[in-house]
file my_file-v4.pdb (PDB, C-alpha atoms)
ATOM      1  CA  GLY A 234       0.000   0.000   0.000
ATOM      2  CA  ALA A 235       0.879   3.653  -0.152
ATOM      3  CA  VAL A 236       3.492   4.892   2.282
ATOM      4  CA  VAL A 237       3.496   8.142   4.180
ATOM      5  CA  SER A 238       6.557   9.108   6.148
ATOM      6  CA  GLN A 239       6.942  11.678   8.882
ATOM      7  CA  HIS A 240      10.084  13.279  10.213
ATOM      8  CA  PRO A 241      11.172  13.662  12.910
ATOM      9  CA  SER A 242       9.628  10.891  14.986
ATOM     10  CA  TRP A 243      10.620  12.598  18.222
ATOM     11  CA  VAL A 244      11.514  16.187  18.919
ATOM     12  CA  ILE A 245      12.235  18.013  22.137
ATOM     13  CA  CYS A 246      12.500  21.758  22.054
ATOM     14  CA  LYS A 247      12.655  24.712  24.378
ATOM     15  CA  SER A 248       9.658  26.911  24.957
ATOM     16  CA  GLY A 249       9.538  29.768  22.479
ATOM     17  CA  THR A 250      11.313  27.989  19.654
ATOM     18  CA  SER A 251       9.760  26.782  16.412
ATOM     19  CA  VAL A 252       9.633  23.208  15.245
ATOM     20  CA  LYS A 253       9.030  21.884  11.747
ATOM     21  CA  ILE A 254       7.524  18.480  11.055
ATOM     22  CA  GLU A 255       7.601  16.989   7.578
ATOM     23  CA  CYS A 256       5.102  14.654   6.002
ATOM     24  CA  ARG A 257       6.002  12.937   2.763
ATOM     25  CA  SER A 258       4.075  10.654   0.482
ATOM     26  CA  LEU A 259       6.667   8.238  -0.798
ATOM     27  CA  ASP A 260       5.031   6.473  -3.696
ATOM     28  CA  PHE A 261       2.138   8.650  -4.757
ATOM     29  CA  GLN A 262       1.308  12.282  -5.281
ATOM     30  CA  ALA A 263      -0.904  13.681  -2.566
ATOM     31  CA  THR A 264      -2.997  16.661  -3.525
ATOM     32  CA  THR A 265      -4.481  16.671  -0.049
ATOM     33  CA  MET A 266      -2.884  15.988   3.297
ATOM     34  CA  PHE A 267      -4.385  16.159   6.749
ATOM     35  CA  TRP A 268      -2.748  17.048  10.040
ATOM     36  CA  TYR A 269      -4.064  15.538  13.242
ATOM     37  CA  ARG A 270      -3.104  16.123  16.844
ATOM     38  CA  GLN A 271      -3.420  13.591  19.604
ATOM     39  CA  PHE A 272      -2.991  14.524  23.245
ATOM     40  CA  PRO A 273      -2.065  11.749  25.690
ATOM     41  CA  LYS A 274      -4.841   9.202  26.076
ATOM     42  CA  GLN A 275      -7.071  11.170  23.747
ATOM     43  CA  SER A 276      -8.401  10.651  20.281
ATOM     44  CA  LEU A 277      -7.049  12.127  17.091
ATOM     45  CA  MET A 278      -8.402  15.533  16.258
ATOM     46  CA  LEU A 279      -8.136  17.070  12.833
ATOM     47  CA  MET A 280      -6.182  20.306  12.887
ATOM     48  CA  ALA A 281      -6.115  21.299   9.259
ATOM     49  CA  THR A 282      -6.439  20.197   5.681
ATOM     50  CA  SER A 283      -3.485  20.954   3.484
ATOM     51  CA  ASN A 284      -4.058  21.352  -0.249
ATOM     52  CA  GLU A 285      -1.154  21.488  -2.636
ATOM     53  CA  GLY A 286      -0.610  24.953  -4.021
ATOM     54  CA  SER A 287      -3.223  26.671  -1.885
ATOM     55  CA  LYS A 288      -3.758  27.773   1.679
ATOM     56  CA  ALA A 289      -4.546  25.227   4.318
ATOM     57  CA  THR A 290      -8.014  24.993   5.801
ATOM     58  CA  TYR A 291      -7.935  25.059   9.579
ATOM     59  CA  GLU A 292     -10.459  23.509  11.911
ATOM     60  CA  GLN A 293     -12.245  25.684  14.400
ATOM     61  CA  GLY A 294     -10.078  26.535  17.370
ATOM     62  CA  VAL A 295      -6.758  25.882  15.645
ATOM     63  CA  GLU A 296      -4.565  28.976  15.348
ATOM     64  CA  LYS A 297      -3.320  29.279  11.806
ATOM     65  CA  ASP A 298      -0.570  31.686  12.784
ATOM     66  CA  LYS A 299       0.762  29.260  15.334
ATOM     67  CA  PHE A 300       0.526  26.109  13.255
ATOM     68  CA  LEU A 301       1.900  27.016   9.856
ATOM     69  CA  ILE A 302       1.203  24.514   7.115
ATOM     70  CA  ASN A 303       2.937  24.504   3.781
ATOM     71  CA  HIS A 304       2.119  22.072   0.990
ATOM     72  CA  ALA A 305       4.461  23.270  -1.709
ATOM     73  CA  SER A 306       4.744  20.022  -3.618
ATOM     74  CA  LEU A 307       2.637  16.971  -4.294
ATOM     75  CA  THR A 308       4.764  14.832  -2.015
ATOM     76  CA  LEU A 309       5.540  17.108   0.913
ATOM     77  CA  SER A 310       3.557  18.975   3.524
ATOM     78  CA  THR A 311       5.155  20.640   6.515
ATOM     79  CA  LEU A 312       3.709  21.691   9.845
ATOM     80  CA  THR A 313       5.622  24.338  11.764
ATOM     81  CA  VAL A 314       4.726  24.911  15.381
ATOM     82  CA  THR A 315       5.800  28.483  16.014
ATOM     83  CA  SER A 316       6.793  29.795  19.416
ATOM     84  CA  ALA A 317       6.067  26.430  20.952
ATOM     85  CA  HIS A 318       4.817  26.191  24.500
ATOM     86  CA  PRO A 319       4.520  23.189  26.818
ATOM     87  CA  GLU A 320       0.796  22.918  26.063
ATOM     88  CA  ASP A 321       1.714  22.242  22.429
ATOM     89  CA  SER A 322       3.362  18.994  23.492
ATOM     90  CA  SER A 323       1.459  16.338  21.652
ATOM     91  CA  PHE A 324       1.593  13.597  19.046
ATOM     92  CA  TYR A 325       1.179  15.018  15.571
ATOM     93  CA  ILE A 326       0.119  12.665  12.798
ATOM     94  CA  CYS A 327      -0.267  13.428   9.146
ATOM     95  CA  SER A 328      -2.246  11.546   6.584
ATOM     96  CA  ALA A 329      -2.335  11.731   2.850
ATOM     97  CA  ARG A 330      -4.943  10.882   0.315
ATOM     98  CA  ASP A 331      -3.884   9.079  -2.800
ATOM     99  CA  PRO A 332      -5.957  10.673  -5.589
ATOM    100  CA  THR A 333      -6.711   7.245  -6.961
ATOM    101  CA  SER A 334      -8.383   6.310  -3.685
ATOM    102  CA  VAL A 335     -10.402   9.475  -3.175
ATOM    103  CA  ALA A 336     -13.650   7.712  -3.922
ATOM    104  CA  THR A 337     -12.940   5.099  -1.282
ATOM    105  CA  GLY A 338     -12.060   7.620   1.394
ATOM    106  CA  GLU A 339      -8.955   5.736   2.409
ATOM    107  CA  LEU A 340      -6.221   7.699   4.082
ATOM    108  CA  PHE A 341      -2.633   6.660   4.634
ATOM    109  CA  PHE A 342      -1.062   7.717   7.904
ATOM    110  CA  GLY A 343       2.467   8.681   8.787
ATOM    111  CA  GLU A 344       4.231   7.227  11.798
ATOM    112  CA  GLY A 345       3.563  10.312  13.872
ATOM    113  CA  SER A 346       5.829  12.899  15.468
ATOM    114  CA  ARG A 347       5.976  13.279  19.220
ATOM    115  CA  LEU A 348       6.695  16.852  20.266
ATOM    116  CA  THR A 349       7.787  17.697  23.775
ATOM    117  CA  VAL A 350       8.193  21.344  24.649
ATOM    118  CA  LEU A 351      10.198  22.027  27.785
TER     119      LEU A 351
ATOM    120  CA  ALA B 252     -23.000  16.307  11.990
ATOM    121  CA  GLN B 253     -20.794  13.268  11.946
ATOM    122  CA  LYS B 254     -19.882  11.554  15.156
ATOM    123  CA  VAL B 255     -18.287   8.312  16.257
ATOM    124  CA  THR B 256     -18.896   6.919  19.718
ATOM    125  CA  GLN B 257     -16.813   4.250  21.349
ATOM    126  CA  ALA B 258     -18.489   3.833  24.690
ATOM    127  CA  GLN B 259     -15.886   1.470  26.110
ATOM    128  CA  THR B 260     -12.906   3.442  27.349
ATOM    129  CA  GLU B 261     -10.891   0.488  28.581
ATOM    130  CA  ILE B 262     -11.324  -3.251  28.402
ATOM    131  CA  SER B 263      -9.188  -5.823  30.133
ATOM    132  CA  VAL B 264      -9.333  -9.507  29.242
ATOM    133  CA  VAL B 265      -7.284 -12.595  29.827
ATOM    134  CA  GLU B 266      -5.496 -14.190  26.925
ATOM    135  CA  LYS B 267      -7.653 -16.466  24.757
ATOM    136  CA  GLU B 268     -10.847 -14.683  25.688
ATOM    137  CA  ASP B 269     -12.995 -13.213  22.945
ATOM    138  CA  VAL B 270     -13.596  -9.485  23.102
ATOM    139  CA  THR B 271     -15.894  -7.132  21.208
ATOM    140  CA  LEU B 272     -15.201  -3.455  20.772
ATOM    141  CA  ASP B 273     -18.275  -1.355  20.124
ATOM    142  CA  CYS B 274     -18.602   1.505  17.666
ATOM    143  CA  VAL B 275     -21.685   3.582  16.970
ATOM    144  CA  TYR B 276     -21.672   6.315  14.364
ATOM    145  CA  GLU B 277     -23.840   9.199  13.237
ATOM    146  CA  THR B 278     -23.939  10.703   9.775
ATOM    147  CA  ARG B 279     -26.473  12.273   7.459
ATOM    148  CA  ASP B 280     -24.715  10.993   4.383
ATOM    149  CA  THR B 281     -25.924   7.951   2.512
ATOM    150  CA  THR B 282     -22.430   7.199   1.266
ATOM    151  CA  TYR B 283     -19.709   6.921   3.847
ATOM    152  CA  TYR B 284     -16.841   4.733   4.946
ATOM    153  CA  LEU B 285     -16.070   3.160   8.275
ATOM    154  CA  PHE B 286     -12.642   2.204   9.506
ATOM    155  CA  TRP B 287     -10.918   0.497  12.370
ATOM    156  CA  TYR B 288      -7.346   1.357  13.290
ATOM    157  CA  LYS B 289      -5.046  -0.126  15.895
ATOM    158  CA  GLN B 290      -2.617   2.124  17.743
ATOM    159  CA  PRO B 291       0.046   0.213  19.676
ATOM    160  CA  PRO B 292       2.133   1.985  22.334
ATOM    161  CA  SER B 293       4.624   3.059  19.677
ATOM    162  CA  GLY B 294       1.958   5.393  18.315
ATOM    163  CA  GLU B 295       1.627   4.568  14.663
ATOM    164  CA  LEU B 296      -1.830   3.873  13.306
ATOM    165  CA  VAL B 297      -2.268   0.429  11.859
ATOM    166  CA  PHE B 298      -5.079   0.105   9.342
ATOM    167  CA  LEU B 299      -7.353  -2.867  10.031
ATOM    168  CA  ILE B 300     -10.396  -2.516   7.834
ATOM    169  CA  ARG B 301     -12.435  -0.181   5.660
ATOM    170  CA  ARG B 302     -16.094  -0.745   4.926
ATOM    171  CA  ASN B 303     -18.361   1.313   2.698
ATOM    172  CA  SER B 304     -21.939   2.073   3.607
ATOM    173  CA  PHE B 305     -23.371  -0.098   0.871
ATOM    174  CA  ASP B 306     -21.676  -3.255   1.989
ATOM    175  CA  GLU B 307     -23.262  -4.718   5.089
ATOM    176  CA  GLN B 308     -21.641  -8.087   4.799
ATOM    177  CA  ASN B 309     -19.761  -9.094   7.875
ATOM    178  CA  GLU B 310     -16.091  -9.725   7.416
ATOM    179  CA  ILE B 311     -13.670 -12.113   9.004
ATOM    180  CA  SER B 312      -9.910 -11.872   8.800
ATOM    181  CA  GLY B 313      -8.142 -14.447  10.881
ATOM    182  CA  ARG B 314      -9.010 -13.774  14.527
ATOM    183  CA  TYR B 315     -10.649 -10.473  13.632
ATOM    184  CA  SER B 316     -14.249 -10.033  12.589
ATOM    185  CA  TRP B 317     -16.459  -7.050  12.017
ATOM    186  CA  ASN B 318     -20.215  -6.705  12.284
ATOM    187  CA  PHE B 319     -21.737  -3.798  10.353
ATOM    188  CA  GLN B 320     -25.373  -3.099  11.221
ATOM    189  CA  LYS B 321     -26.750  -0.133   9.362
ATOM    190  CA  SER B 322     -30.063  -0.382  11.195
ATOM    191  CA  THR B 323     -28.347   0.398  14.480
ATOM    192  CA  SER B 324     -25.505   2.478  12.995
ATOM    193  CA  SER B 325     -22.953   0.183  14.535
ATOM    194  CA  PHE B 326     -19.698  -1.278  13.317
ATOM    195  CA  ASN B 327     -18.428  -3.574  16.030
ATOM    196  CA  PHE B 328     -15.093  -5.335  16.071
ATOM    197  CA  THR B 329     -14.481  -8.731  17.635
ATOM    198  CA  ILE B 330     -11.155 -10.323  18.418
ATOM    199  CA  THR B 331     -11.376 -14.063  18.917
ATOM    200  CA  ALA B 332      -8.922 -15.850  21.179
ATOM    201  CA  SER B 333      -7.190 -12.630  22.146
ATOM    202  CA  GLN B 334      -3.421 -12.479  22.515
ATOM    203  CA  VAL B 335      -1.122 -10.215  24.489
ATOM    204  CA  VAL B 336       0.031  -8.630  21.218
ATOM    205  CA  ASP B 337      -3.508  -7.403  20.676
ATOM    206  CA  SER B 338      -3.033  -4.942  23.530
ATOM    207  CA  ALA B 339      -3.423  -1.474  22.024
ATOM    208  CA  VAL B 340      -5.844   1.364  21.604
ATOM    209  CA  TYR B 341      -8.387   0.711  18.884
ATOM    210  CA  PHE B 342     -10.055   3.533  17.024
ATOM    211  CA  CYS B 343     -13.206   3.432  14.981
ATOM    212  CA  ALA B 344     -13.464   6.183  12.368
ATOM    213  CA  LEU B 345     -15.914   7.567   9.842
ATOM    214  CA  SER B 346     -15.228   9.232   6.519
ATOM    215  CA  GLU B 347     -17.582  10.906   4.127
ATOM    216  CA  ALA B 348     -17.198  10.217   0.451
ATOM    217  CA  GLY B 349     -16.338  13.161  -1.716
ATOM    218  CA  TYR B 350     -13.629  15.251  -3.208
ATOM    219  CA  GLY B 351     -11.709  18.243  -2.056
ATOM    220  CA  GLY B 352     -11.981  20.394   1.035
ATOM    221  CA  SER B 353     -12.362  18.584   4.280
ATOM    222  CA  GLN B 354     -14.417  15.802   2.799
ATOM    223  CA  GLY B 355     -12.570  12.562   3.102
ATOM    224  CA  ASN B 356     -10.858  13.290   6.385
ATOM    225  CA  LEU B 357     -11.517  10.828   9.188
ATOM    226  CA  ILE B 358     -13.623  11.470  12.239
ATOM    227  CA  PHE B 359     -12.327   9.324  15.046
ATOM    228  CA  GLY B 360     -13.986   7.899  18.078
ATOM    229  CA  LYS B 361     -12.233   8.345  21.408
ATOM    230  CA  GLY B 362     -10.730   4.916  21.222
ATOM    231  CA  THR B 363     -10.913   1.809  23.358
ATOM    232  CA  LYS B 364      -7.834   0.702  25.214
ATOM    233  CA  LEU B 365      -7.596  -3.062  25.173
ATOM    234  CA  SER B 366      -5.335  -4.825  27.640
ATOM    235  CA  VAL B 367      -4.836  -8.527  27.174
ATOM    236  CA  LYS B 368      -3.201 -10.184  30.155
ATOM    237  CA  PRO B 369      -1.348 -13.483  29.948
TER     238      PRO B 369
END
call {"tool": "encode", "arguments": {"input": "my_file-v4.pdb", "output": "structure tokens"}}
result
Amino acid sequence: GAVVSQHPSWVICKSGTSVKIECRSLDFQATTMFWYRQFPKQSLMLMATSNEGSKATYEQGVEKDKFLINHASLTLSTLTVTSAHPEDSSFYICSARDPTSVATGELFFGEGSRLTVL
Amino acid sequence: AQKVTQAQTEISVVEKEDVTLDCVYETRDTTYYLFWYKQPPSGELVFLIRRNSFDEQNEISGRYSWNFQKSTSSFNFTITASQVVDSAVYFCALSEAGYGGSQGNLIFGKGTKLSVKP
């Protein structure tokens, strides 16, 4: 099946710094990618939808200026957590939709990136 | 509005017991997709099954089986003869069919943590 890769898997940063997480589709071109956030022992919540070549669509309550999403190519979307604070510590997971599977609704998930802000 | 409810927060069983994880969903769409994912402690999401709304046939895959009942909006998951390696958090998810925008992203239930003890 399709493969989606995230990097880094783990990141620890100091409060106030910015962190970039990459999401790559390895064997297909993803016109749409999704970014989810999962707090400890919680479910996955959609943060934003990233569309190649256009601005991301953010879910209600997600600060677009804090969580910058760039989807500059068909195989790469990046999430930058700006001026990170301890409350941003979470597990961030991306998913990508293979255009050939749009009708089926199947999404392929990355391995996730665990962010810890000290 | 779409919603997925997994009423069981945690389940603990002894190895070789059968266990059923419940999932109830809400949607106004006539075409939709239902998923089950497994999330082991390492965090990655492991795809288990996808079922479209027009296919109510039950499915069996090894020790796993799924019961889709449209009449009760349920998509329950049964593990037969559970094993310690089945210990994980299991998520049920719903996806609308469609193209573009936020259509096609997954709406997750809160997950059920399954602990299988030897």
call {"tool": "resolve_selection", "arguments": {"input": "my_file-v4.pdb", "expression": "the PyMOL selection byres ((chain A) within 9 of (chain B))", "output": "PyMOL selection string"}}
result
chain A and resi 264-267+274-279+281-284+290+324+326+328+330+335-347
call {"tool": "residues_near_point", "arguments": {"input": "my_file-v4.pdb", "point": "(-1.6, 32.5, 16.3)", "cutoff": "12 Å", "atoms": "only C-alpha atoms", "output": "list in words"}}
result
Tyr291, Gly294, Val295, Glu296, Lys297, Asp298, Lys299, Phe300, Leu301, Thr313, Val314, Thr315, Ser316 and Ala317 of chain A
call {"tool": "write_last_selection", "arguments": {"input": "my_file-v4.pdb", "atoms": "C-alpha atoms", "output": "mmCIF file, in the coordinates of the input"}}
result
data_model
loop_
_atom_site.group_PDB
_atom_site.id
_atom_site.type_symbol
_atom_site.label_atom_id
_atom_site.label_comp_id
_atom_site.auth_asym_id
_atom_site.auth_seq_id
_atom_site.Cartn_x
_atom_site.Cartn_y
_atom_site.Cartn_z
ATOM 1 C CA TYR A 291 -7.935 25.059 9.579
ATOM 2 C CA GLY A 294 -10.078 26.535 17.370
ATOM 3 C CA VAL A 295 -6.758 25.882 15.645
ATOM 4 C CA GLU A 296 -4.565 28.976 15.348
ATOM 5 C CA LYS A 297 -3.320 29.279 11.806
ATOM 6 C CA ASP A 298 -0.570 31.686 12.784
ATOM 7 C CA LYS A 299 0.762 29.260 15.334
ATOM 8 C CA PHE A 300 0.526 26.109 13.255
ATOM 9 C CA LEU A 301 1.900 27.016 9.856
ATOM 10 C CA THR A 313 5.622 24.338 11.764
ATOM 11 C CA VAL A 314 4.726 24.911 15.381
ATOM 12 C CA THR A 315 5.800 28.483 16.014
ATOM 13 C CA SER A 316 6.793 29.795 19.416
ATOM 14 C CA ALA A 317 6.067 26.430 20.952
#
call {"tool": "resolve_selection", "arguments": {"input": "my_file-v4.pdb", "expression": "the PyMOL selection byres ((chain B and resi 272-274) around 7)", "output": "PyMOL selection string"}}
result
chain B and resi 255-258+270-271+275-276+325-329+343
call {"tool": "write_last_selection", "arguments": {"input": "my_file-v4.pdb", "atoms": "C-alpha atoms", "output": "PDB file, in the coordinates of the input"}}
result
ATOM      1  CA  VAL B 255     -18.287   8.312  16.257  1.00  0.00           C
ATOM      2  CA  THR B 256     -18.896   6.919  19.718  1.00  0.00           C
ATOM      3  CA  GLN B 257     -16.813   4.250  21.349  1.00  0.00           C
ATOM      4  CA  ALA B 258     -18.489   3.833  24.690  1.00  0.00           C
ATOM      5  CA  VAL B 270     -13.596  -9.485  23.102  1.00  0.00           C
ATOM      6  CA  THR B 271     -15.894  -7.132  21.208  1.00  0.00           C
ATOM      7  CA  VAL B 275     -21.685   3.582  16.970  1.00  0.00           C
ATOM      8  CA  TYR B 276     -21.672   6.315  14.364  1.00  0.00           C
ATOM      9  CA  SER B 325     -22.953   0.183  14.535  1.00  0.00           C
ATOM     10  CA  PHE B 326     -19.698  -1.278  13.317  1.00  0.00           C
ATOM     11  CA  ASN B 327     -18.428  -3.574  16.030  1.00  0.00           C
ATOM     12  CA  PHE B 328     -15.093  -5.335  16.071  1.00  0.00           C
ATOM     13  CA  THR B 329     -14.481  -8.731  17.635  1.00  0.00           C
ATOM     14  CA  CYS B 343     -13.206   3.432  14.981  1.00  0.00           C
TER      15      CYS B 343
END
call {"tool": "resolve_selection", "arguments": {"input": "my_file-v4.pdb", "expression": "the PyMOL selection byres ((chain A and resi 252) around 12)", "output": "PyMOL selection string"}}
result
chain A and resi 240-241+243-251+253-255+299-302+311-318+321-322+325+346-350
call {"tool": "atom_distance", "arguments": {"input": "my_file-v4.pdb", "atom1": "CA of Gln271 (chain A)", "atom2": "CA of Glu285 (chain A)"}}
result
23.7 Å
call {"tool": "residues_around", "arguments": {"input": "my_file-v4.pdb", "residues": "Cys256 (chain A)", "least_positions_apart": "6", "cutoff": "7 Å", "atoms": "all atoms listed in the file", "output": "PyMOL selection string"}}
result
chain A and resi 237-240+309-311+327
call {"tool": "atom_distance", "arguments": {"input": "my_file-v4.pdb", "atom1": "CA of Val336 (chain B)", "atom2": "CA of Val265 (chain B)"}}
result
12.0 Å
call {"tool": "axis_aligned_box", "arguments": {"input": "my_file-v4.pdb", "around": "region 279-289 of chain A", "padding_each_side": "5 Å", "output": "AutoDock Vina command-line options"}}
result
--center_x -4.4 --center_y 22.4 --center_z 4.4 --size_x 17.5 --size_y 20.7 --size_z 26.9
call {"tool": "atom_distance", "arguments": {"input": "my_file-v4.pdb", "atom1": "CA of Arg257 (chain A)", "atom2": "CA of Thr308 (chain A)"}}
result
5.3 Å
call {"tool": "closest_residue", "arguments": {"input": "my_file-v4.pdb", "among": "A:Leu351, A:Val236, A:Ser242, A:Gly286", "to": "Glu320 (chain A)", "atoms": "only C-alpha atoms"}}
result
A:Leu351
call {"tool": "closest_residue", "arguments": {"input": "my_file-v4.pdb", "among": "B:Ser304, B:Gln259, B:Ser338, B:Gln320", "to": "Thr281 (chain B)", "atoms": "all atoms listed in the file"}}
result
B:Ser304
